[in-house]
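*Asks:* Data: data_32.cif, mmCIF, C-alpha atoms and all ligand atoms.
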data_coords
#
loop_
_atom_site.label_atom_id
_atom_site.label_comp_id
_atom_site.auth_asym_id
_atom_site.auth_seq_id
_atom_site.Cartn_x
_atom_site.Cartn_y
_atom_site.Cartn_z
CA MET A 1 12.91 -60.40 -5.41
CA LYS A 2 9.72 -62.00 -6.71
CA LEU A 3 7.31 -59.58 -8.33
CA GLY A 4 3.81 -59.88 -9.72
CA ALA A 5 2.46 -58.26 -12.89
CA ILE A 6 -1.02 -57.86 -14.34
CA GLU A 7 -2.04 -56.50 -17.69
CA ALA A 8 -5.74 -55.89 -17.25
CA GLY A 9 -7.43 -55.70 -20.66
CA GLY A 10 -10.97 -55.44 -21.89
CA THR A 11 -10.96 -59.00 -23.20
CA LYS A 12 -8.28 -60.68 -21.12
CA PHE A 13 -6.13 -60.39 -18.03
CA VAL A 14 -2.51 -61.47 -18.39
CA MET A 15 -0.84 -62.32 -15.08
CA ALA A 16 2.80 -63.10 -14.48
CA ILE A 17 5.42 -63.73 -11.82
CA GLY A 18 8.85 -62.36 -12.59
CA ASN A 19 12.03 -60.91 -11.20
CA GLU A 20 13.91 -57.63 -11.27
CA GLN A 21 15.69 -58.60 -14.48
CA GLY A 22 12.33 -58.65 -16.25
CA GLU A 23 12.38 -62.44 -16.58
CA ILE A 24 8.97 -64.09 -16.41
CA SER A 25 8.85 -67.47 -14.65
CA GLU A 26 5.12 -68.10 -14.73
CA LYS A 27 2.28 -66.67 -16.77
CA MET A 28 -1.47 -67.15 -17.07
CA VAL A 29 -4.16 -65.59 -19.24
CA ILE A 30 -7.81 -65.44 -18.16
CA PRO A 31 -10.81 -63.86 -19.89
CA THR A 32 -12.18 -60.57 -18.55
CA GLU A 33 -15.51 -61.45 -16.99
CA HIS A 34 -17.55 -59.95 -14.17
CA PRO A 35 -15.15 -58.76 -11.41
CA GLU A 36 -16.65 -61.28 -8.99
CA ILE A 37 -15.55 -64.08 -11.31
CA THR A 38 -12.25 -62.56 -12.38
CA LEU A 39 -10.94 -61.42 -8.97
CA PRO A 40 -10.89 -64.90 -7.35
CA LYS A 41 -8.96 -66.23 -10.37
CA ILE A 42 -6.39 -63.46 -10.00
CA LEU A 43 -6.01 -64.14 -6.28
CA ASP A 44 -5.66 -67.89 -6.89
CA PHE A 45 -2.79 -67.20 -9.27
CA PHE A 46 -0.85 -64.84 -7.00
CA LYS A 47 -1.53 -66.23 -3.51
CA ASN A 48 1.28 -68.15 -1.80
CA LYS A 49 3.80 -67.31 -4.52
CA GLY A 50 5.92 -65.09 -2.28
CA ILE A 51 5.61 -61.94 -4.41
CA GLU A 52 6.58 -58.72 -2.63
CA LYS A 53 4.98 -56.16 -4.92
CA LEU A 54 2.51 -56.17 -7.79
CA GLY A 55 2.45 -53.87 -10.82
CA LEU A 56 -0.80 -53.42 -12.69
CA GLY A 57 -1.29 -51.88 -16.13
CA GLY A 58 -5.02 -51.41 -16.48
CA PHE A 59 -7.55 -50.50 -19.13
CA GLY A 60 -9.06 -47.17 -18.38
CA PRO A 61 -10.38 -44.90 -17.35
CA ILE A 62 -8.74 -45.79 -14.04
CA ASP A 63 -7.58 -43.65 -11.12
CA ILE A 64 -3.76 -43.63 -11.24
CA ASN A 65 -3.25 -40.76 -8.81
CA ARG A 66 -1.27 -42.13 -5.85
CA ASN A 67 -2.66 -39.53 -3.46
CA SER A 68 -6.26 -40.23 -4.28
CA SER A 69 -8.54 -42.17 -1.93
CA THR A 70 -9.75 -44.10 -4.96
CA TYR A 71 -6.31 -45.04 -6.33
CA GLY A 72 -6.69 -48.10 -8.58
CA GLN A 73 -10.44 -47.74 -8.98
CA LEU A 74 -11.95 -48.10 -12.43
CA GLN A 75 -14.04 -45.17 -13.60
CA LYS A 76 -16.48 -44.65 -16.50
CA THR A 77 -15.30 -47.63 -18.49
CA PRO A 78 -17.52 -48.88 -21.32
CA LYS A 79 -17.02 -52.33 -19.72
CA THR A 80 -20.06 -51.75 -17.53
CA ASP A 81 -19.45 -54.57 -15.01
CA TRP A 82 -16.25 -52.79 -14.01
CA VAL A 83 -17.53 -49.22 -13.57
CA ASP A 84 -16.26 -47.88 -10.20
CA TYR A 85 -14.75 -51.25 -9.30
CA PRO A 86 -11.95 -50.73 -6.72
CA LEU A 87 -9.53 -53.19 -8.31
CA GLY A 88 -6.37 -51.77 -6.68
CA GLU A 89 -7.86 -51.71 -3.20
CA LYS A 90 -9.23 -55.27 -3.48
CA LEU A 91 -5.85 -56.61 -4.56
CA LYS A 92 -4.07 -54.73 -1.79
CA GLN A 93 -6.48 -56.01 0.87
CA GLU A 94 -6.39 -59.61 -0.32
CA LEU A 95 -2.69 -59.92 -1.12
CA GLY A 96 -1.37 -57.58 1.59
CA ILE A 97 1.41 -56.15 -0.61
CA PRO A 98 1.93 -52.80 -2.36
CA ILE A 99 0.05 -52.53 -5.67
CA ILE A 100 1.45 -50.04 -8.17
CA ILE A 101 -0.90 -48.91 -10.90
CA ASP A 102 -0.65 -47.19 -14.27
CA THR A 103 -2.52 -47.54 -17.55
CA ASP A 104 -1.95 -50.52 -19.85
CA VAL A 105 -0.60 -48.24 -22.58
CA ASN A 106 1.67 -46.22 -20.28
CA VAL A 107 3.31 -49.42 -19.01
CA ALA A 108 3.58 -50.76 -22.56
CA ALA A 109 5.41 -47.57 -23.59
CA MET A 110 7.69 -48.01 -20.59
CA SER A 111 8.58 -51.62 -21.32
CA GLU A 112 9.16 -50.89 -25.02
CA ALA A 113 11.60 -48.19 -23.89
CA LYS A 114 13.31 -50.60 -21.51
CA TRP A 115 13.36 -53.82 -23.54
CA GLY A 116 11.59 -53.37 -26.86
CA SER A 117 11.51 -51.08 -29.91
CA ALA A 118 12.58 -47.86 -28.18
CA THR A 119 15.69 -48.81 -26.19
CA ASP A 120 17.88 -46.36 -28.14
CA VAL A 121 15.79 -43.22 -27.44
CA ASP A 122 14.64 -41.28 -24.36
CA SER A 123 10.96 -41.05 -25.19
CA CYS A 124 8.26 -42.99 -26.97
CA LEU A 125 4.55 -43.23 -27.53
CA TYR A 126 2.73 -46.58 -27.51
CA ILE A 127 -0.64 -46.72 -29.23
CA THR A 128 -2.92 -49.72 -29.25
CA VAL A 129 -5.62 -50.12 -31.87
CA GLY A 130 -7.80 -52.95 -30.62
CA THR A 131 -11.29 -53.07 -29.13
CA GLY A 132 -10.53 -49.52 -28.13
CA ILE A 133 -7.79 -47.06 -29.00
CA GLY A 134 -5.45 -45.75 -26.34
CA ALA A 135 -1.98 -44.34 -26.18
CA GLY A 136 0.59 -44.03 -23.43
CA ALA A 137 3.80 -42.09 -23.33
CA TYR A 138 7.14 -42.49 -21.62
CA PHE A 139 9.46 -39.50 -21.45
CA GLN A 140 12.87 -39.37 -19.75
CA GLY A 141 12.12 -42.13 -17.28
CA LYS A 142 8.49 -41.39 -16.48
CA THR A 143 5.10 -42.23 -17.89
CA LEU A 144 2.80 -39.37 -18.75
CA LYS A 145 0.36 -38.45 -15.98
CA GLY A 146 -1.46 -35.27 -15.07
CA LEU A 147 -4.97 -34.56 -13.87
CA SER A 148 -5.59 -38.17 -14.71
CA HIS A 149 -4.09 -40.19 -17.53
CA SER A 150 -4.38 -39.02 -21.10
CA GLU A 151 -7.18 -40.30 -23.33
CA MET A 152 -5.54 -40.05 -26.72
CA GLY A 153 -7.97 -42.46 -28.36
CA HIS A 154 -10.87 -40.08 -27.93
CA ILE A 155 -9.57 -37.13 -29.93
CA LYS A 156 -11.55 -35.77 -32.83
CA VAL A 157 -10.19 -36.34 -36.31
CA ARG A 158 -11.33 -34.92 -39.63
CA ARG A 159 -13.86 -37.20 -41.30
CA HIS A 160 -13.12 -38.59 -44.71
CA PRO A 161 -15.67 -37.03 -47.09
CA GLU A 162 -16.83 -40.46 -48.25
CA ASP A 163 -17.18 -41.99 -44.78
CA THR A 164 -20.69 -41.68 -43.40
CA TYR A 165 -20.36 -44.25 -40.61
CA GLU A 166 -21.77 -42.70 -37.42
CA GLY A 167 -19.21 -44.10 -34.97
CA THR A 168 -19.32 -46.48 -32.00
CA CYS A 169 -18.01 -44.46 -29.05
CA PRO A 170 -20.72 -44.35 -26.37
CA TYR A 171 -19.43 -40.95 -25.21
CA HIS A 172 -18.51 -39.17 -28.45
CA LYS A 173 -19.78 -41.32 -31.33
CA ASP A 174 -17.22 -40.40 -34.00
CA CYS A 175 -14.07 -39.76 -32.01
CA LEU A 176 -10.97 -41.62 -33.26
CA GLU A 177 -11.87 -44.76 -31.27
CA GLY A 178 -15.46 -44.52 -32.53
CA ILE A 179 -14.44 -44.63 -36.18
CA ALA A 180 -11.14 -46.53 -36.21
CA ALA A 181 -11.08 -49.18 -33.44
CA GLY A 182 -11.78 -52.84 -34.27
CA PRO A 183 -15.54 -52.78 -33.53
CA SER A 184 -16.05 -49.80 -35.86
CA LEU A 185 -14.39 -51.69 -38.71
CA GLU A 186 -16.80 -54.54 -38.18
CA LYS A 187 -19.86 -52.27 -38.03
CA ARG A 188 -18.85 -50.12 -41.01
CA TRP A 189 -17.81 -52.91 -43.35
CA GLY A 190 -19.95 -55.80 -42.01
CA LYS A 191 -16.98 -58.11 -41.37
CA LYS A 192 -14.35 -58.48 -38.69
CA GLY A 193 -10.97 -56.81 -39.22
CA HIS A 194 -9.08 -60.00 -40.05
CA GLU A 195 -11.67 -60.91 -42.73
CA LEU A 196 -11.08 -57.56 -44.45
CA ALA A 197 -7.36 -58.13 -44.98
CA ASP A 198 -7.54 -57.95 -48.80
CA ASP A 199 -9.74 -54.89 -49.05
CA GLN A 200 -7.40 -51.99 -49.83
CA LYS A 201 -10.12 -49.37 -49.31
CA VAL A 202 -10.57 -50.44 -45.69
CA TRP A 203 -6.92 -49.94 -44.79
CA GLU A 204 -6.56 -46.69 -46.70
CA LEU A 205 -9.38 -45.18 -44.67
CA GLU A 206 -8.03 -46.67 -41.45
CA ALA A 207 -4.56 -45.26 -42.17
CA TYR A 208 -6.06 -41.85 -42.99
CA TYR A 209 -7.60 -41.67 -39.50
CA LEU A 210 -4.68 -43.17 -37.58
CA ALA A 211 -2.18 -40.93 -39.36
CA GLN A 212 -4.13 -37.83 -38.36
CA ALA A 213 -3.97 -38.97 -34.75
CA LEU A 214 -0.23 -39.65 -34.97
CA THR A 215 0.35 -36.26 -36.56
CA ASN A 216 -1.43 -34.61 -33.64
CA TYR A 217 0.56 -36.64 -31.12
CA ILE A 218 3.79 -35.62 -32.88
CA TYR A 219 2.80 -31.94 -32.69
CA ILE A 220 1.77 -32.14 -29.05
CA LEU A 221 4.26 -34.58 -27.51
CA SER A 222 7.12 -34.89 -29.97
CA PRO A 223 7.96 -38.51 -29.08
CA GLU A 224 11.20 -39.92 -30.45
CA ARG A 225 9.47 -43.14 -31.49
CA ILE A 226 5.88 -44.29 -32.08
CA ILE A 227 5.04 -47.92 -31.45
CA MET A 228 1.74 -49.26 -32.77
CA GLY A 229 0.22 -52.46 -31.38
CA GLY A 230 -3.18 -54.07 -30.74
CA GLY A 231 -5.31 -56.45 -32.79
CA VAL A 232 -6.00 -54.14 -35.73
CA MET A 233 -2.28 -53.41 -36.21
CA LYS A 234 -1.80 -57.12 -36.98
CA GLN A 235 -2.67 -55.87 -40.47
CA GLN A 236 0.93 -55.12 -41.37
CA GLN A 237 -0.09 -53.35 -44.56
CA LEU A 238 -1.26 -50.48 -42.36
CA PHE A 239 2.30 -49.47 -41.46
CA PRO A 240 3.42 -48.18 -44.88
CA LEU A 241 0.06 -46.50 -45.44
CA ILE A 242 0.20 -44.73 -42.07
CA ARG A 243 3.82 -43.65 -42.58
CA LYS A 244 3.03 -42.20 -46.00
CA ASN A 245 -0.02 -40.32 -44.68
CA VAL A 246 1.90 -38.94 -41.69
CA LEU A 247 4.62 -37.52 -43.94
CA GLU A 248 2.01 -35.97 -46.24
CA MET A 249 0.06 -34.47 -43.36
CA LEU A 250 3.14 -33.03 -41.63
CA ASN A 251 4.17 -31.65 -45.01
CA GLY A 252 7.75 -31.09 -43.89
CA TYR A 253 6.79 -28.82 -40.98
CA VAL A 254 8.54 -30.77 -38.21
CA SER A 255 12.27 -31.10 -38.87
CA SER A 256 13.72 -34.42 -37.83
CA PRO A 257 15.79 -37.00 -39.67
CA TYR A 258 13.16 -39.56 -38.60
CA LEU A 259 10.38 -37.72 -40.36
CA THR A 260 11.72 -38.43 -43.83
CA GLU A 261 10.86 -41.08 -46.39
CA LYS A 262 14.18 -42.75 -45.73
CA GLU A 263 13.89 -43.01 -41.95
CA ILE A 264 10.19 -43.12 -41.10
CA ASP A 265 10.25 -46.95 -41.15
CA ARG A 266 12.38 -46.67 -38.02
CA TYR A 267 10.05 -44.10 -36.43
CA ILE A 268 6.58 -45.68 -36.66
CA VAL A 269 7.15 -49.31 -35.73
CA PRO A 270 5.46 -52.45 -34.35
CA PRO A 271 6.09 -53.48 -30.73
CA GLY A 272 9.45 -55.12 -30.07
CA LEU A 273 7.91 -57.17 -27.25
CA THR A 274 5.05 -58.37 -29.48
CA ASP A 275 2.22 -59.33 -27.10
CA GLU A 276 4.24 -59.00 -23.89
CA ALA A 277 4.68 -55.22 -23.80
CA GLY A 278 1.83 -54.78 -21.29
CA VAL A 279 2.69 -57.50 -18.81
CA LYS A 280 6.42 -56.77 -18.89
CA GLY A 281 5.64 -53.10 -18.35
CA ALA A 282 3.61 -54.01 -15.28
CA LEU A 283 6.59 -55.96 -14.01
CA TYR A 284 8.86 -52.98 -14.59
CA LEU A 285 6.38 -50.80 -12.72
CA ALA A 286 6.57 -53.08 -9.67
CA MET A 287 10.35 -53.21 -9.94
CA ASN A 288 10.83 -49.49 -9.83
CA GLU A 289 8.79 -48.60 -6.80
N1 LIG B 301 -5.65 -59.86 -37.47
C1 LIG B 301 -6.50 -58.87 -37.24
N2 LIG B 301 -6.79 -57.97 -38.20
C2 LIG B 301 -7.64 -56.95 -37.99
N3 LIG B 301 -8.29 -56.76 -36.83
C3 LIG B 301 -8.06 -57.62 -35.84
C4 LIG B 301 -7.15 -58.71 -35.97
N4 LIG B 301 -7.10 -59.38 -34.80
C5 LIG B 301 -7.94 -58.73 -33.97
N5 LIG B 301 -8.52 -57.68 -34.58
C6 LIG B 301 -9.51 -56.76 -34.01
O1 LIG B 301 -8.92 -56.13 -32.88
C7 LIG B 301 -9.87 -56.05 -31.80
C8 LIG B 301 -9.27 -56.74 -30.58
O2 LIG B 301 -8.13 -56.07 -30.21
P1 LIG B 301 -7.03 -56.68 -29.24
O3 LIG B 301 -6.68 -58.05 -29.75
O4 LIG B 301 -5.95 -55.68 -29.14
O5 LIG B 301 -7.81 -56.92 -27.89
P2 LIG B 301 -8.20 -56.07 -26.63
O6 LIG B 301 -7.22 -56.38 -25.58
O7 LIG B 301 -9.64 -56.31 -26.36
O8 LIG B 301 -8.07 -54.56 -27.01
P3 LIG B 301 -8.04 -53.35 -25.99
O9 LIG B 301 -6.58 -53.14 -25.72
O10 LIG B 301 -8.63 -52.23 -26.77
O11 LIG B 301 -8.81 -53.72 -24.74
C9 LIG B 301 -11.14 -56.68 -32.29
O12 LIG B 301 -12.04 -55.66 -32.71
C10 LIG B 301 -10.70 -57.53 -33.49
O13 LIG B 301 -11.70 -57.65 -34.47
ZN ZN B 302 -14.77 -41.40 -27.61
#
Please express the file's structure as structure tokens.
*Replies:*
Amino acid sequence: MKLGAIEAGGTKFVMAIGNEQGEISEKMVIPTEHPEITLPKILDFFKNKGIEKLGLGGFGPIDINRNSSTYGQLQKTPKTDWVDYPLGEKLKQELGIPIIIDTDVNVAAMSEAKWGSATDVDSCLYITVGTGIGAGAYFQGKTLKGLSHSEMGHIKVRRHPEDTYEGTCPYHKDCLEGIAAGPSLEKRWGKKGHELADDQKVWELEAYYLAQALTNYIYILSPERIIMGGGVMKQQQLFPLIRKNVLEMLNGYVSSPYLTEKEIDRYIVPPGLTDEAGVKGALYLAMNE
């Protein structure tokens, strides 16, 4: 069966055609522009390809409740051109096939569990630290959903006493995303993340915030693996700093062989699917409906 997959991101849309084995035969990346520009490009890619279903992992907030009349509609996204845009409905109308929708991070967690860094466990959390911060979870065969999807990037973390940066989140100012996503690095330090690679102070502060978030996720969800991706995590030096901070913050309270100095390298890890976690997850979503 031919299936379609879309990873809809804040800066780019990744589209692919694949099969039920998760093999991708065709792929295209387009920039995220106004929906009236982006939608025709998406339709051009998928039309007349014989796909039977389409999975979509989208940036949020997005309605992922199957029983809702606005299933697949974007909500209060900071990407203002897309607020309330009925992406799922438009695709369904134009392509005439079932569209299955979840968040970009939920599908990334799912594909890492199926094909990536979490194939040997029954649950995992996928966190992206990019333009925004978001996390998705996959537990015993299902992605985490409830009232809506979770918004783990917008939790409050304790401020470092020396950090006076006000924060970039339009809704909460200094939530985790507001003080630790890529744009906040640029505003706080006056340079883009990749230009700050050699500045130890930058990554110590970043790890302090991200480790607090991970500690909270461990307490609340208890995932068997944590996968960290997104542009900012390209700074590989963050991994040891985050692992060290997580162990210190947990202070031995949660008992698990993974949460030890010896094993934590196998617990907090980069994506196994590198940049394809999202689009492969969308394919898996289509496959399993
Ligand atoms: N090598 C790097 N080191 C540090 N920061 C980086 C690096 N590459 C990209 N970034 C930062 O990551 C952010 C972009 O993240 P990403 O590449 O994950 O894109 P995105 O898809 O827009 O993110 P999102 O998933 O939040 O929509 C930018 O703020 C950028 O400055
Ligand atoms: Zn926020």
*Asks:* For each of A:Ile24, A:Leu221, A:Ile242, A:Ala197, take the minimum atom-to-atom distance to ligand LIG 301 (chain B), counting only C-alpha atoms and all ligand atoms, then give the residue where this is smallest.
*Replies:* A:Ala197
*Asks:* Which residues sit within 7 Å of ligand LIG 301 (chain B), counting all atoms listed in the file, listed as a list in words?
*Replies:*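 For ligand LIG 301 (chain B), the residues inside 7 Å are Gly9, Gly10, Thr11, Lys12, Phe59, Thr128, Val129, Gly130, Thr131, Gly132, Ile133, Ala181, Gly182, Pro183, Lys192, Gly193, His194, Ala197, Gly230, Gly231, Val232, Met233, Lys234 and Gln235 of chain A.
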*Asks:* Using all atoms listed in the file, what are the residues with an atom within 10 Å of ligand ZN 302 (chain B), set out as a list in words?
*Replies:* Gly132, Ile133, Glu151, Met152, Gly153, His154, Ile155, Lys156, Gly167, Thr168, Cys169, Pro170, Tyr171, His172, Lys173, Asp174, Cys175, Leu176, Glu177, Gly178 and Ile179 of chain A
*Asks:* Go ahead and compute the interatomic distance for atom CA of A:Gly58 and atom CA of A:Tyr138, in Å to one decimal.
*Replies:*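 Value for the atom CA of A:Gly58-atom CA of A:Tyr138 distance: 15.9 Å.
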*Asks:* Give me, as a list in words, all polymer residues having an atom no more than 9 Å from A:Gly18, counting all atoms listed in the file and skipping those fewer than 4 positions away in the same chain.
*Replies:*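 Counting all atoms listed in the file, the residues come to Met1, Lys2, Leu3, Gly4, Ala5, Gly22, Glu23, Ile24, Ser25, Glu26, Lys27, Ile51, Lys280 and Leu283 of chain A.
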*Asks:* Go ahead and compute the interatomic distance for atom CA of A:His160 and atom CA of A:Tyr208, in Å to one decimal.
*Replies:*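 Separating atom CA of A:His160 from atom CA of A:Tyr208 is a distance of 8.0 Å.
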*Asks:* I'd like the interatomic distance between atom CA of A:Leu39 and atom CA of A:Thr274, to a tenth of an Å.
*Replies:* 26.2 Å
*Asks:* Using all atoms listed in the file, find the one residue out of A:Gln212, A:Asn288, A:Gln140, A:Thr164 that sits nearest to A:Trp189.
*Replies:*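 Ranked by minimum distance to A:Trp189, first place goes to A:Thr164.
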*Asks:* Using all atoms listed in the file, find the one residue out of A:Ala277, A:Ile227, A:Met287, A:Leu125 that sits nearest to A:Glu7.
*Replies:*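 For A:Glu7, the nearest of the candidates is A:Ala277.
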*Asks:* Need the shell around stretch 115-123 of chain A: protein/DNA/RNA residues with any atom at most 8 Å away, counting only C-alpha atoms. Skip same-chain ones fewer than 3 positions apart. Format as a ChimeraX atom specification?
*Replies:* /A:111-112,137-141,223-225,227,269-273,277
*Asks:* Select, from A:Gly57, A:Leu214, A:Gly229, A:Pro240, the residue with the minimum atom-to-atom distance to A:Asp265, counting all atoms listed in the file.
*Replies:*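 The answer is A:Pro240, which sits nearest to A:Asp265.
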*Asks:* Which residue, A:Ala207, A:Thr215, A:Thr70, A:Asn251, has the smallest gap to A:Gln237 when you use all atoms listed in the file?
*Replies:*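 Among the listed residues, the smallest separation from A:Gln237 belongs to A:Ala207.
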*Asks:* Compare A:Lys191, A:Glu204, A:Ala16, A:Asn245 by their minimum atom-to-atom distance to A:Phe45, counting only C-alpha atoms, and give me the closest one.
*Replies:*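 Looking at the shortest contact to A:Phe45, the residue is A:Ala16.
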